[in-house]
$ cat final_3.cif   # mmCIF, C-alpha atoms and all ligand atoms
data_query
#
loop_
_atom_site.label_atom_id
_atom_site.label_comp_id
_atom_site.auth_asym_id
_atom_site.auth_seq_id
_atom_site.Cartn_x
_atom_site.Cartn_y
_atom_site.Cartn_z
CA MET A 1432 57.36 231.62 -94.29
CA ASN A 1433 57.15 227.85 -93.74
CA CYS A 1434 54.06 225.62 -93.79
CA ASP A 1435 53.64 225.53 -89.99
CA LYS A 1436 53.72 229.30 -89.72
CA ALA A 1437 51.33 229.72 -92.66
CA GLN A 1438 48.82 227.35 -91.07
CA GLU A 1439 49.06 229.08 -87.73
CA LEU A 1440 47.91 232.25 -89.51
CA PHE A 1441 44.93 230.76 -91.40
CA SER A 1442 42.36 232.11 -89.00
CA ASP A 1443 43.75 235.64 -88.82
CA PHE A 1444 44.24 235.66 -92.58
CA HIS A 1445 40.65 234.59 -93.13
CA GLU A 1446 39.46 237.34 -90.80
CA GLY A 1447 41.58 239.95 -92.58
CA ALA A 1448 43.39 240.57 -89.30
CA LEU A 1449 46.97 240.22 -90.53
CA THR A 1450 49.42 243.05 -91.08
CA GLU A 1451 50.13 243.84 -94.69
CA GLY A 1452 53.56 242.19 -94.49
CA LEU A 1453 52.19 238.93 -93.15
CA ARG A 1454 49.37 238.99 -95.67
CA LEU A 1455 51.84 239.32 -98.53
CA ASN A 1456 54.03 236.59 -97.05
CA ILE A 1457 51.19 234.11 -96.69
CA ASN A 1458 49.93 234.90 -100.21
CA ARG A 1459 53.42 234.28 -101.53
CA HIS A 1460 53.55 231.01 -99.61
CA PHE A 1461 50.25 229.90 -101.18
CA GLU A 1462 51.64 230.65 -104.63
CA ASN A 1463 54.56 228.33 -103.98
CA CYS A 1464 52.84 225.69 -101.86
CA ALA A 1465 49.80 224.08 -103.45
CA SER A 1466 49.33 221.93 -100.38
CA CYS A 1467 48.86 224.87 -97.99
CA ALA A 1468 46.70 226.66 -100.56
CA GLN A 1469 44.44 223.60 -100.68
CA ASP A 1470 44.42 223.33 -96.89
CA PHE A 1471 43.40 226.95 -96.63
CA LEU A 1472 40.48 226.29 -98.98
CA SER A 1473 39.38 223.44 -96.70
CA PHE A 1474 39.76 225.70 -93.70
CA GLN A 1475 37.59 228.37 -95.34
CA GLN A 1476 34.93 225.80 -96.19
CA ALA A 1477 34.86 224.53 -92.61
CA TYR A 1478 34.70 228.12 -91.39
CA GLN A 1479 31.97 228.98 -93.87
CA SER A 1480 29.88 226.08 -92.63
CA CYS A 1481 30.11 227.63 -89.16
CA SER A 1482 28.57 230.84 -90.38
CA THR A 1483 25.35 229.00 -91.11
CA LEU A 1484 24.98 228.04 -87.47
CA SER A 1485 22.58 230.05 -85.39
CA ALA A 1486 23.57 231.49 -82.04
CA VAL A 1487 23.55 229.08 -79.15
CA ALA A 1488 23.94 229.45 -75.41
CA VAL A 1489 27.61 229.04 -74.61
CA PRO A 1490 28.34 226.77 -71.64
CA ASP A 1491 30.59 228.25 -68.97
CA ASP A 1492 33.22 225.55 -69.40
CA LEU A 1493 33.43 225.80 -73.19
CA GLY A 1494 36.88 227.39 -73.11
CA GLU A 1495 38.18 224.53 -71.04
CA THR A 1496 36.54 221.96 -73.32
CA ILE A 1497 38.16 223.53 -76.37
CA ALA A 1498 41.55 223.62 -74.68
CA ARG A 1499 41.21 219.94 -73.79
CA ARG A 1500 40.13 219.04 -77.29
CA LEU A 1501 42.99 220.98 -78.86
CA ASP A 1502 45.41 219.16 -76.56
CA MET A 1503 43.89 215.91 -77.77
CA VAL A 1504 44.28 216.97 -81.41
CA ASP A 1505 47.91 217.73 -80.76
CA PHE A 1506 48.35 214.36 -79.09
CA GLU A 1507 46.56 212.46 -81.86
CA ARG A 1508 48.56 214.25 -84.49
CA LYS A 1509 51.85 213.28 -82.85
CA ARG A 1510 50.71 209.72 -82.36
CA ALA A 1511 49.63 209.38 -85.98
CA SER A 1512 53.08 210.74 -86.87
CA ALA A 1513 51.67 212.27 -89.98
CA ARG A 1514 53.65 215.12 -91.44
CA PRO A 1515 53.38 217.70 -88.69
CA GLY A 1516 51.37 220.84 -89.24
CA ARG A 1517 49.28 219.44 -92.08
CA TRP A 1518 45.79 220.70 -91.59
CA LEU A 1519 42.98 218.18 -92.10
CA ARG A 1520 45.35 215.43 -93.03
CA THR A 1521 45.71 213.41 -89.87
CA ALA A 1522 43.48 211.00 -88.03
CA ALA A 1523 42.49 213.97 -85.90
CA ALA A 1524 40.85 215.88 -88.74
CA ALA A 1525 37.36 215.37 -87.35
CA ALA A 1526 38.43 216.59 -83.94
CA VAL A 1527 39.96 219.69 -85.49
CA VAL A 1528 36.74 220.48 -87.31
CA ALA A 1529 34.81 220.07 -84.05
CA ALA A 1530 37.25 222.43 -82.33
CA VAL A 1531 36.96 224.99 -85.13
CA LEU A 1532 33.17 224.89 -84.85
CA ALA A 1533 33.39 225.42 -81.12
CA VAL A 1534 35.86 228.27 -81.53
CA ALA A 1535 33.58 229.94 -84.04
CA VAL A 1536 30.81 229.98 -81.45
CA MET A 1537 33.27 231.45 -78.97
CA TYR A 1538 34.55 234.08 -81.34
CA LYS A 1539 34.26 237.56 -79.84
CA PRO A 1540 32.62 236.30 -76.66
CA ASP A 1541 31.66 239.88 -75.78
CA SER A 1542 29.05 239.76 -78.50
CA TYR A 1543 27.26 236.96 -76.74
CA ARG A 1544 27.41 238.18 -73.18
CA GLY A 1545 24.12 238.70 -71.42
CA THR A 1546 20.95 236.73 -71.07
CA GLY A 1547 18.49 235.47 -73.61
CA ALA A 1548 18.88 234.75 -77.28
CA ASN A 1549 17.93 238.19 -78.53
CA ILE A 1550 21.34 239.77 -77.95
CA ILE A 1551 22.30 239.11 -81.54
CA PRO A 1552 20.70 241.75 -83.73
CA PRO A 1553 18.29 240.36 -86.32
CA ILE A 1554 19.89 239.29 -89.57
CA ALA A 1555 18.63 240.83 -92.78
CA GLN A 1556 16.54 238.70 -95.10
CA SER A 1557 18.17 239.02 -98.50
CA ALA A 1558 21.47 239.84 -100.15
CA THR A 1559 20.36 243.34 -100.95
CA GLU A 1560 19.51 243.88 -97.28
CA LEU A 1561 23.14 243.54 -96.23
CA THR A 1562 23.67 245.18 -92.86
CA ILE A 1563 26.67 246.64 -91.12
CA GLU A 1564 26.29 246.66 -87.37
CA LYS A 1565 28.39 247.32 -84.34
CA VAL A 1566 28.01 244.95 -81.42
CA ASN A 1567 30.06 245.80 -78.34
CA GLY A 1568 32.74 247.53 -80.37
CA THR A 1569 33.02 244.92 -83.13
CA VAL A 1570 31.72 245.76 -86.58
CA TRP A 1571 29.83 242.91 -88.29
CA ILE A 1572 28.96 242.45 -91.92
CA ARG A 1573 25.89 240.26 -92.17
CA PHE A 1574 23.15 239.09 -94.46
CA VAL A 1575 21.32 236.00 -95.58
CA ALA A 1576 22.15 235.17 -99.18
CA GLY A 1577 18.91 234.76 -101.14
CA GLU A 1578 20.95 233.32 -103.98
CA LYS A 1579 24.57 232.36 -104.45
CA THR A 1580 26.38 235.60 -103.72
CA ARG A 1581 29.97 236.71 -104.06
CA VAL A 1582 31.38 239.32 -101.72
CA ASP A 1583 34.68 241.02 -102.49
CA VAL A 1584 36.17 242.97 -99.61
CA LEU A 1585 38.84 245.54 -100.44
CA GLU A 1586 40.71 247.99 -98.27
CA GLY A 1587 41.97 251.56 -98.59
CA GLY A 1588 43.09 253.07 -101.86
CA THR A 1589 43.44 256.65 -102.98
CA VAL A 1590 42.40 256.74 -106.64
CA GLU A 1591 38.75 257.58 -106.23
CA SER A 1592 37.59 258.11 -109.78
CA LEU A 1593 35.89 254.75 -109.33
CA LEU A 1594 34.57 252.89 -106.31
CA PRO A 1595 36.17 250.80 -104.99
CA PRO A 1596 39.29 252.86 -105.74
CA ASN A 1597 41.50 251.32 -108.43
CA ASP A 1598 44.35 250.90 -105.98
CA ALA A 1599 42.31 249.41 -103.12
CA LYS A 1600 43.79 246.15 -101.83
CA PRO A 1601 41.66 243.00 -102.10
CA ILE A 1602 41.60 241.39 -98.66
CA ARG A 1603 39.06 238.62 -99.02
CA VAL A 1604 36.57 237.06 -101.40
CA ASP A 1605 33.68 235.02 -100.08
CA THR A 1606 31.13 232.98 -101.95
CA ILE A 1607 27.98 232.48 -99.95
CA ALA A 1608 25.65 229.64 -100.88
CA ALA A 1609 21.96 230.37 -101.33
CA GLY A 1610 20.23 230.41 -97.97
CA SER A 1611 23.47 230.77 -96.00
CA HIS A 1612 24.04 233.40 -93.35
CA TYR A 1613 27.02 235.62 -93.94
CA ASN A 1614 28.16 236.96 -90.62
CA VAL A 1615 31.69 238.29 -90.56
CA PRO A 1616 33.34 240.34 -87.83
CA VAL A 1617 35.60 243.05 -89.20
CA THR A 1618 38.79 243.75 -87.34
CA VAL A 1619 40.06 247.26 -87.74
CA ASP A 1620 43.06 248.04 -85.62
CA GLY A 1621 45.67 250.72 -85.49
CA PRO A 1622 45.56 254.48 -85.36
CA ILE A 1623 44.65 254.91 -89.06
CA PRO A 1624 42.19 252.20 -90.08
CA GLN A 1625 41.53 252.34 -93.83
CA PRO A 1626 38.06 252.28 -95.35
CA LEU A 1627 36.68 248.92 -96.41
CA TRP A 1628 34.86 248.46 -99.70
CA LEU A 1629 32.37 245.67 -100.34
CA LYS A 1630 31.35 244.62 -103.82
CA VAL A 1631 28.36 242.33 -103.53
CA SER A 1632 27.18 240.46 -106.61
CA GLY A 1633 23.67 241.54 -107.55
CA MET A 1634 24.07 244.92 -105.85
CA LYS A 1635 24.92 247.92 -107.98
CA GLU A 1636 26.24 250.15 -105.20
CA THR A 1637 29.60 249.73 -103.55
CA VAL A 1638 29.39 249.56 -99.77
CA GLY A 1639 31.96 251.83 -98.12
CA ILE A 1640 32.75 251.45 -94.44
CA PHE A 1641 34.69 254.28 -92.84
CA PHE A 1642 36.22 253.93 -89.40
CA PRO A 1643 37.29 256.75 -87.09
CA GLN A 1644 41.02 257.41 -87.50
CA PRO A 1645 42.15 258.63 -84.09
CA ALA A 1646 45.63 259.55 -85.32
CA VAL A 1647 44.37 261.80 -88.13
CA LEU A 1648 43.79 265.45 -87.39
CA THR A 1649 40.67 266.34 -89.35
CA SER A 1650 39.74 269.88 -90.24
CA ARG A 1651 36.06 270.79 -90.14
CA THR A 1652 36.50 272.86 -93.28
CA PHE A 1653 37.91 271.12 -96.35
CA THR A 1654 37.27 270.21 -99.97
CA GLY A 1655 36.43 266.58 -100.54
CA ASP A 1656 34.44 264.10 -102.59
CA VAL A 1657 31.81 261.89 -100.96
CA PRO A 1658 34.22 259.22 -99.56
CA GLN A 1659 36.56 261.90 -98.23
CA THR A 1660 33.65 263.71 -96.60
CA LEU A 1661 32.36 260.50 -95.01
CA GLN A 1662 35.86 259.74 -93.69
CA ALA A 1663 36.02 263.24 -92.20
CA ILE A 1664 32.66 262.66 -90.51
CA ALA A 1665 33.91 259.33 -89.08
CA ASN A 1666 37.03 261.05 -87.77
CA GLY A 1667 35.34 264.18 -86.48
CA TYR A 1668 32.43 262.48 -84.71
CA GLY A 1669 33.94 259.12 -83.78
CA VAL A 1670 31.35 257.03 -85.63
CA VAL A 1671 31.60 254.16 -88.10
CA VAL A 1672 30.05 255.29 -91.39
CA GLU A 1673 28.46 252.75 -93.74
CA ALA A 1674 27.42 254.09 -97.12
CA ARG A 1675 25.96 252.63 -100.34
CA LEU A 1676 27.83 254.57 -102.98
CA ILE A 1677 27.40 254.75 -106.73
CA GLY A 1678 30.58 256.77 -107.24
CA PRO A 1679 32.84 259.21 -105.45
CA GLY A 1680 31.08 262.33 -106.75
CA LYS A 1681 32.74 265.68 -107.33
CA PRO A 1682 34.90 267.36 -104.69
CA THR A 1683 32.96 270.12 -102.98
CA SER A 1684 33.89 272.48 -100.19
CA GLN A 1685 32.56 271.27 -96.90
CA SER A 1686 32.19 272.67 -93.45
CA LEU A 1687 31.12 270.19 -90.81
CA VAL A 1688 28.98 272.11 -88.37
CA GLY A 1689 27.45 271.37 -85.02
CA ALA A 1690 28.05 268.95 -82.21
CA GLU A 1691 25.60 266.43 -83.57
CA VAL A 1692 26.68 263.91 -86.21
CA LEU A 1693 23.27 263.46 -87.89
CA GLU A 1694 22.86 267.17 -88.42
CA ALA A 1695 26.42 267.57 -89.71
CA ALA A 1696 26.13 264.56 -92.06
CA ARG A 1697 22.78 265.71 -93.47
CA ALA A 1698 24.22 269.16 -94.16
CA ALA A 1699 27.35 267.67 -95.76
CA MET A 1700 25.30 265.36 -98.04
CA GLU A 1701 22.78 268.06 -98.96
CA ASN A 1702 24.03 268.51 -102.53
CA THR A 1703 24.45 264.80 -103.23
CA SER A 1704 21.95 262.04 -104.02
CA TYR A 1705 22.48 260.53 -100.57
CA LYS A 1706 19.51 261.79 -98.59
CA SER A 1707 18.73 258.92 -96.29
CA ILE A 1708 20.97 259.25 -93.24
CA SER A 1709 20.39 257.47 -89.96
CA LEU A 1710 22.39 256.61 -86.87
CA THR A 1711 22.06 253.23 -85.15
CA ASN A 1712 24.25 252.13 -82.28
CA GLY A 1713 27.30 254.15 -83.32
CA VAL A 1714 27.00 253.35 -87.04
CA LEU A 1715 25.95 256.12 -89.41
CA HIS A 1716 24.07 254.71 -92.41
CA VAL A 1717 24.12 256.74 -95.63
CA ARG A 1718 21.93 255.87 -98.63
ZN ZN B 1801 53.02 225.21 -97.20
#

$ encode --input "final_3.cif" --output "structure tokens" --more "lines below"
Ligand SMILES: [Zn+2]
Amino acid sequence: MNCDKAQELFSDFHEGALTEGLRLNINRHFENCASCAQDFLSFQQAYQSCSTLSAVAVPDDLGETIARRLDMVDFERKRASARPGRWLRTAAAAAVVAAVLAVAVMYKPDSYRGTGANIIPPIAQSATELTIEKVNGTVWIRFVAGEKTRVDVLEGGTVESLLPPNDAKPIRVDTIAAGSHYNVPVTVDGPIPQPLWLKVSGMKETVGIFFPQPAVLTSRTFTGDVPQTLQAIANGYGVVVEARLIGPGKPTSQSLVGAEVLEAARAAMENTSYKSISLTNGVLHVR
């Protein structure tokens, strides 16, 4: 991977939207290219500063404005004849930042469609009130950091003696300044999306997010620990499951009964410490 290609992928990398191969490639590039690694840090900081912005009404011609501004950035960059592809290093740096801010507002425009400012669900008030919500098909991780908070996001893994599993893959680490809003859309694509695990500093539980896996044939009767059972519920009922988990628990025999997800989940969690189960907008919350 060369520098231009790496920088093209910054945004997708930051969002955790890259394939595993690309993710490995870009990580390898950062190991060998201090300059891109530094640029990526700058990119993340600019991006992070966007997440503290509140929602605004998006003008109809915003897309066009961004396109024009990006053209201008390209033009300025060529004219400055700086080394091409170097992020934040040309005379156009300020314009790039402005474009990134605008793009952040545009991100997932479906989430903002409609009238009035109350389309965005309310954001929780402290780090421990982290929420996982689904807005028009996109899952969002959000909270307001009461104090400086670190969030580690990991993916998948099979060794469930601990949570997150020992072999889960780290996909991003964010540090959120006190008072900042953390508001991250999670992209889960493909027929077998893996669970995500969130370790939040100051929070003793691990947050597990389980997505329906359309390509996995799930039996209603099986033996599984808590994460396996929650994954089976996500698969069997087509819901996103968000759980605050202390550990994986012991495997028990399960039989998911009934057409209704709440009833099935409550029955499945009966012999565990997770008694608070609610369903909001396609997300099953387990506490
Ligand atoms: Zn590079």

$ atom_distance --input "final_3.cif" --atom1 "CA of Arg1651 in chain A" --atom2 "CA of Gly1680 in chain A"
19.3 Å

$ residues_near_ligand --input "final_3.cif" --ligand "ligand ZN 1801 (chain B)" --cutoff "10 Å" --atoms "all atoms listed in the file" --output "compact mmCIF listing (two decimals) with C-alpha atoms, in the coordinates of the input"
# COMPACT_ATOMS: atom_id res chain seq x y z
CA MET A 1432 57.36 231.62 -94.29
CA ASN A 1433 57.15 227.85 -93.74
CA CYS A 1434 54.06 225.62 -93.79
CA ASP A 1435 53.64 225.53 -89.99
CA LYS A 1436 53.72 229.30 -89.72
CA ALA A 1437 51.33 229.72 -92.66
CA GLN A 1438 48.82 227.35 -91.07
CA ILE A 1457 51.19 234.11 -96.69
CA HIS A 1460 53.55 231.01 -99.61
CA PHE A 1461 50.25 229.90 -101.18
CA GLU A 1462 51.64 230.65 -104.63
CA ASN A 1463 54.56 228.33 -103.98
CA CYS A 1464 52.84 225.69 -101.86
CA ALA A 1465 49.80 224.08 -103.45
CA SER A 1466 49.33 221.93 -100.38
CA CYS A 1467 48.86 224.87 -97.99
CA ALA A 1468 46.70 226.66 -100.56
CA GLN A 1469 44.44 223.60 -100.68
CA ASP A 1470 44.42 223.33 -96.89
CA PHE A 1471 43.40 226.95 -96.63
CA GLY A 1516 51.37 220.84 -89.24
CA ARG A 1517 49.28 219.44 -92.08

$ residues_near_point --input "final_3.cif" --point "(33.3, 252.5, -102.9)" --cutoff "6 Å" --atoms "only C-alpha atoms" --output "PDB file with C-alpha atoms, in the coordinates of the input"
ATOM      1  CA  LEU A1594      34.570 252.890-106.310  1.00  0.00           C
ATOM      2  CA  PRO A1595      36.170 250.800-104.990  1.00  0.00           C
ATOM      3  CA  TRP A1628      34.860 248.460 -99.700  1.00  0.00           C
ATOM      4  CA  THR A1637      29.600 249.730-103.550  1.00  0.00           C
ATOM      5  CA  VAL A1638      29.390 249.560 -99.770  1.00  0.00           C
ATOM      6  CA  GLY A1639      31.960 251.830 -98.120  1.00  0.00           C
ATOM      7  CA  LEU A1676      27.830 254.570-102.980  1.00  0.00           C
TER       8      LEU A1676
END

$ closest_residue --input "final_3.cif" --among "A:Ala1576, A:Leu1561, A:Gln1644, A:Asp1583" --to "Arg1603 in chain A" --atoms "all atoms listed in the file"
A:Asp1583

$ closest_residue --input "final_3.cif" --among "A:Ala1646, A:Leu1693, A:Leu1687, A:Gln1479" --to "Ala1663 in chain A" --atoms "all atoms listed in the file"
A:Leu1687

$ residues_around --input "final_3.cif" --residues "Phe1642 in chain A" --least-positions-apart "6" --cutoff "10 Å" --atoms "only C-alpha atoms" --output "list of chain:residue names"
A:Val1570, A:Val1619, A:Asp1620, A:Ile1623, A:Pro1624, A:Gln1625, A:Pro1626, A:Leu1627, A:Leu1661, A:Gln1662, A:Ala1663, A:Ile1664, A:Ala1665, A:Asn1666, A:Gly1669, A:Val1670, A:Val1671, A:Val1672, A:Glu1673, A:Val1714

$ atom_distance --input "final_3.cif" --atom1 "CA of Phe1641 in chain A" --atom2 "CA of Ala1674 in chain A"
8.4 Å

$ atom_distance --input "final_3.cif" --atom1 "CA of Trp1571 in chain A" --atom2 "CA of Leu1648 in chain A"
26.5 Å

$ closest_residue --input "final_3.cif" --among "A:Val1647, A:Thr1660, A:Pro1616, A:Phe1653" --to "Asp1443 in chain A" --atoms "all atoms listed in the file"
A:Pro1616

$ residues_around --input "final_3.cif" --residues "Arg1454 in chain A" --least-positions-apart "3" --cutoff "10 Å" --atoms "only C-alpha atoms" --output "ChimeraX atom specification"
/A:1437,1440,1443-1444,1447-1451,1457-1460,1602

$ residues_around --input "final_3.cif" --residues "Tyr1705 in chain A" --least-positions-apart "4" --cutoff "10 Å" --atoms "all atoms listed in the file" --output "PyMOL selection string"
chain A and resi 1657+1674-1677+1697+1699-1701+1717-1718
